[in-house]
Amino acid sequence: MSVSGYAYVFARIRARVSDLMDIRAMRELADARKGDFLTLMLESPYKASIEGLTVVDARAIEGALKHELVDEYLMVIRSTKPPVKDFFIELLRRFEVMNVKAILRSKFAGVMEAPLLFPVESFFRRHMSILIDADSLDGAIKRLEDPYRRILESSSGQRLLELETALDHELFDSIWNRMRHLQRRDREIARKVIGAEVDTTNLMILLRCKWEGVAGTEIERYLMPYSYEFEFDAVRDAILTDSVSSAIQLLPDSPYKAVLNGAIQQYEEEKSLVPLELALQRYRLTLIKKLLLGYTIDIATILGYLYLKEAEIRNISTIAVCKENELPAEDTARLLI
């Protein structure tokens, strides 16, 4: 899309970027007492979204913020033309896939409380919320509409990891194909952003497989065939090793390896993949922040804003959960990206 084609959406995005919270404001939320958290939120750009709340209700706050995030994507979609519009529709569909995963996880774990979904049903016209009432994992899959029912039924197993990676493959195939239709500069920028997302997804698939004891010969079929800095052939030794820690050590030298090495001690202390996933997400966020430098009138500013908005909403939702459960500020800070 030409510079003139971006003029309208760029003006709208530029006005919103100044409302993004900086590190200081996010830290202030994390450090606040439970009773002061809502006061700070009512003084923030999210005032309209949470007005009416009188107590810290993490579920209500997260639901309101998810509505706001989806609205930002819809604003971009309404303000652009194909092929840029088509690309952002596929990016919005990430939230629909997250909804499917959330439902599958709840059924797999036998959790009774309904997961909180992104409000995208009216846009895609696929009714995911009806799956919540399914009495089993198989029952939920049978109620799914295509393409998700077809994807999951054609998956060769019932392991949750396999079902989730099948969804990821279909989604990123579609995003990658939409990206190919962008003009050259937009395509290069989008490839960097989506490639980094695929890189971190592939790395977490690899580490999750090691965590769950999946055989190295099986892991290769779970990994997506796209990348930005993550080269499939270069990680073959890591794929074939037998533990999370050794897999990290056998990764080729790269920013990803350095980031994971920085979190490996916390992983070993907590016996959880969460520190590794958070470290990768923080690194990816630093790459995305660079897109906003200079406010170029192209796809970079839009992508940068939407991904930073998504990270901000995730952080605020995390803080709300911690405040509701009265966790210490230092524990809260460790969970932020």
# chains A, B, ... in the order shown; residues from 1 in each chain; ligands from 1
>>> residues_around(residues="A:Asp298", least_positions_apart="2", cutoff="12 Å", atoms="only C-alpha atoms", output="PyMOL selection string")
chain A and resi 1-11+13-14+80+84+182-190+291-292+294-296+300-304
>>> residues_around(residues="stretch 129-131 of chain A", least_positions_apart="2", cutoff="12 Å", atoms="only C-alpha atoms", output="ChimeraX atom specification")
/A:96,99-104,106-107,114-122,125-127,133-145,149
>>> residues_around(residues="stretch 229-235 of chain A", least_positions_apart="5", cutoff="12 Å", atoms="only C-alpha atoms", output="MDAnalysis selection string")
chainID A and resid 191:204 206:207 216 219:224 240:241 246:257 284
>>> residues_around(residues="A:Leu20", least_positions_apart="2", cutoff="12 Å", atoms="only C-alpha atoms", output="ChimeraX atom specification")
/A:13-18,22-26,44-46,289,292,304-313,316
>>> select_by_dssp(residues="stretch 191-280 of chain A", states="helix (DSSP H, G or I)", output="mmCIF file with C-alpha atoms, in the first residue's frame")
data_model
loop_
_atom_site.group_PDB
_atom_site.id
_atom_site.type_symbol
_atom_site.label_atom_id
_atom_site.label_comp_id
_atom_site.auth_asym_id
_atom_site.auth_seq_id
_atom_site.Cartn_x
_atom_site.Cartn_y
_atom_site.Cartn_z
ATOM 1 C CA ARG A 191 8.392 -11.062 7.634
ATOM 2 C CA LYS A 192 10.630 -9.742 10.404
ATOM 3 C CA VAL A 193 7.732 -9.412 12.872
ATOM 4 C CA ILE A 194 5.889 -12.630 11.996
ATOM 5 C CA GLY A 195 9.183 -14.472 11.569
ATOM 6 C CA ALA A 196 10.195 -13.522 15.121
ATOM 7 C CA GLU A 197 6.823 -14.743 16.385
ATOM 8 C CA VAL A 198 7.270 -18.051 14.551
ATOM 9 C CA ASP A 199 10.837 -18.333 15.865
ATOM 10 C CA THR A 200 9.720 -17.999 19.481
ATOM 11 C CA THR A 201 6.774 -20.333 18.866
ATOM 12 C CA ASN A 202 9.093 -22.967 17.374
ATOM 13 C CA LEU A 203 11.552 -22.628 20.237
ATOM 14 C CA MET A 204 8.783 -23.069 22.794
ATOM 15 C CA ILE A 205 7.463 -26.095 20.884
ATOM 16 C CA LEU A 206 10.966 -27.583 21.006
ATOM 17 C CA LEU A 207 11.347 -26.897 24.740
ATOM 18 C CA ARG A 208 7.824 -28.087 25.504
ATOM 19 C CA CYS A 209 8.517 -31.323 23.658
ATOM 20 C CA LYS A 210 11.654 -31.822 25.756
ATOM 21 C CA TRP A 211 9.632 -31.066 28.897
ATOM 22 C CA GLU A 212 6.968 -33.621 27.941
ATOM 23 C CA GLY A 216 13.359 -36.238 18.899
ATOM 24 C CA THR A 217 12.155 -38.008 15.776
ATOM 25 C CA GLU A 218 8.621 -36.727 16.462
ATOM 26 C CA ILE A 219 9.564 -33.138 17.245
ATOM 27 C CA ASP A 233 18.882 -27.429 10.216
ATOM 28 C CA ALA A 234 20.978 -25.616 12.819
ATOM 29 C CA VAL A 235 18.904 -26.917 15.734
ATOM 30 C CA ARG A 236 18.983 -30.596 14.830
ATOM 31 C CA ASP A 237 21.365 -31.407 17.704
ATOM 32 C CA ALA A 238 19.060 -29.607 20.131
ATOM 33 C CA ILE A 239 16.110 -31.599 18.793
ATOM 34 C CA LEU A 240 17.862 -34.911 19.429
ATOM 35 C CA VAL A 244 15.367 -28.782 28.195
ATOM 36 C CA SER A 245 18.693 -27.500 29.554
ATOM 37 C CA SER A 246 20.817 -29.485 27.122
ATOM 38 C CA ALA A 247 18.589 -28.430 24.213
ATOM 39 C CA ILE A 248 19.261 -24.773 25.062
ATOM 40 C CA GLN A 249 23.003 -25.378 25.281
ATOM 41 C CA PRO A 255 20.123 -13.747 20.440
ATOM 42 C CA TYR A 256 17.575 -16.471 21.267
ATOM 43 C CA LYS A 257 20.192 -18.698 22.862
ATOM 44 C CA ALA A 258 21.551 -15.797 24.903
ATOM 45 C CA VAL A 259 18.054 -14.914 26.104
ATOM 46 C CA LEU A 260 17.259 -18.505 27.090
ATOM 47 C CA ASN A 261 20.608 -18.912 28.848
ATOM 48 C CA GLY A 262 19.746 -15.856 30.903
ATOM 49 C CA ALA A 263 16.562 -17.562 32.139
ATOM 50 C CA ILE A 264 17.814 -21.114 32.551
ATOM 51 C CA GLN A 265 18.700 -20.762 36.240
ATOM 52 C CA GLN A 266 15.180 -19.594 37.047
ATOM 53 C CA TYR A 267 13.780 -22.468 34.969
ATOM 54 C CA GLU A 268 15.842 -24.976 36.962
ATOM 55 C CA GLU A 269 14.806 -23.423 40.284
ATOM 56 C CA GLU A 270 11.096 -23.278 39.464
ATOM 57 C CA VAL A 274 7.305 -20.080 32.199
ATOM 58 C CA PRO A 275 10.610 -18.197 32.777
ATOM 59 C CA LEU A 276 11.884 -19.368 29.379
ATOM 60 C CA GLU A 277 8.689 -18.338 27.602
ATOM 61 C CA LEU A 278 8.668 -14.925 29.307
ATOM 62 C CA ALA A 279 12.305 -14.356 28.344
ATOM 63 C CA LEU A 280 11.545 -15.055 24.677
#
>>> residues_around(residues="A:Glu170", least_positions_apart="6", cutoff="9 Å", atoms="only C-alpha atoms", output="ChimeraX atom specification")
/A:147-148,151
>>> write_last_selection(atoms="N, CA and C atoms", output="PDB file, in the first residue's frame")
ATOM      1  N   PRO A 147     -12.272 -23.810   9.589  1.00  0.00           N
ATOM      2  CA  PRO A 147     -11.285 -24.849   9.302  1.00  0.00           C
ATOM      3  C   PRO A 147     -10.819 -25.642  10.528  1.00  0.00           C
ATOM      4  N   TYR A 148     -11.246 -25.265  11.735  1.00  0.00           N
ATOM      5  CA  TYR A 148     -10.652 -25.839  12.942  1.00  0.00           C
ATOM      6  C   TYR A 148     -11.062 -27.289  13.164  1.00  0.00           C
ATOM      7  N   ILE A 151      -8.981 -29.393  10.809  1.00  0.00           N
ATOM      8  CA  ILE A 151      -7.577 -29.430  11.235  1.00  0.00           C
ATOM      9  C   ILE A 151      -7.379 -30.405  12.385  1.00  0.00           C
TER      10      ILE A 151
END
>>> atom_distance(atom1="atom CA of A:Thr39", atom2="atom CA of A:Leu69")
21.4 Å
>>> closest_residue(among="A:Thr165, A:Ile297, A:Phe87, A:Ala109", to="A:Asn177", atoms="only C-alpha atoms")
A:Phe87
>>> atom_distance(atom1="atom CA of A:Glu153", atom2="atom CA of A:Arg180")
28.5 Å
>>> closest_residue(among="A:Met41, A:Leu293, A:Asp242, A:Lys85", to="A:Leu29", atoms="only C-alpha atoms")
A:Met41
>>> closest_residue(among="A:Glu164, A:Glu62, A:Asp57, A:Glu90", to="A:Leu74", atoms="only C-alpha atoms")
A:Glu90
>>> atom_distance(atom1="atom CA of A:Glu68", atom2="atom CA of A:Phe123")
14.5 Å
>>> closest_residue(among="A:Met21, A:Phe95, A:Ala166, A:Leu327", to="A:Lys66", atoms="only C-alpha atoms")
A:Phe95
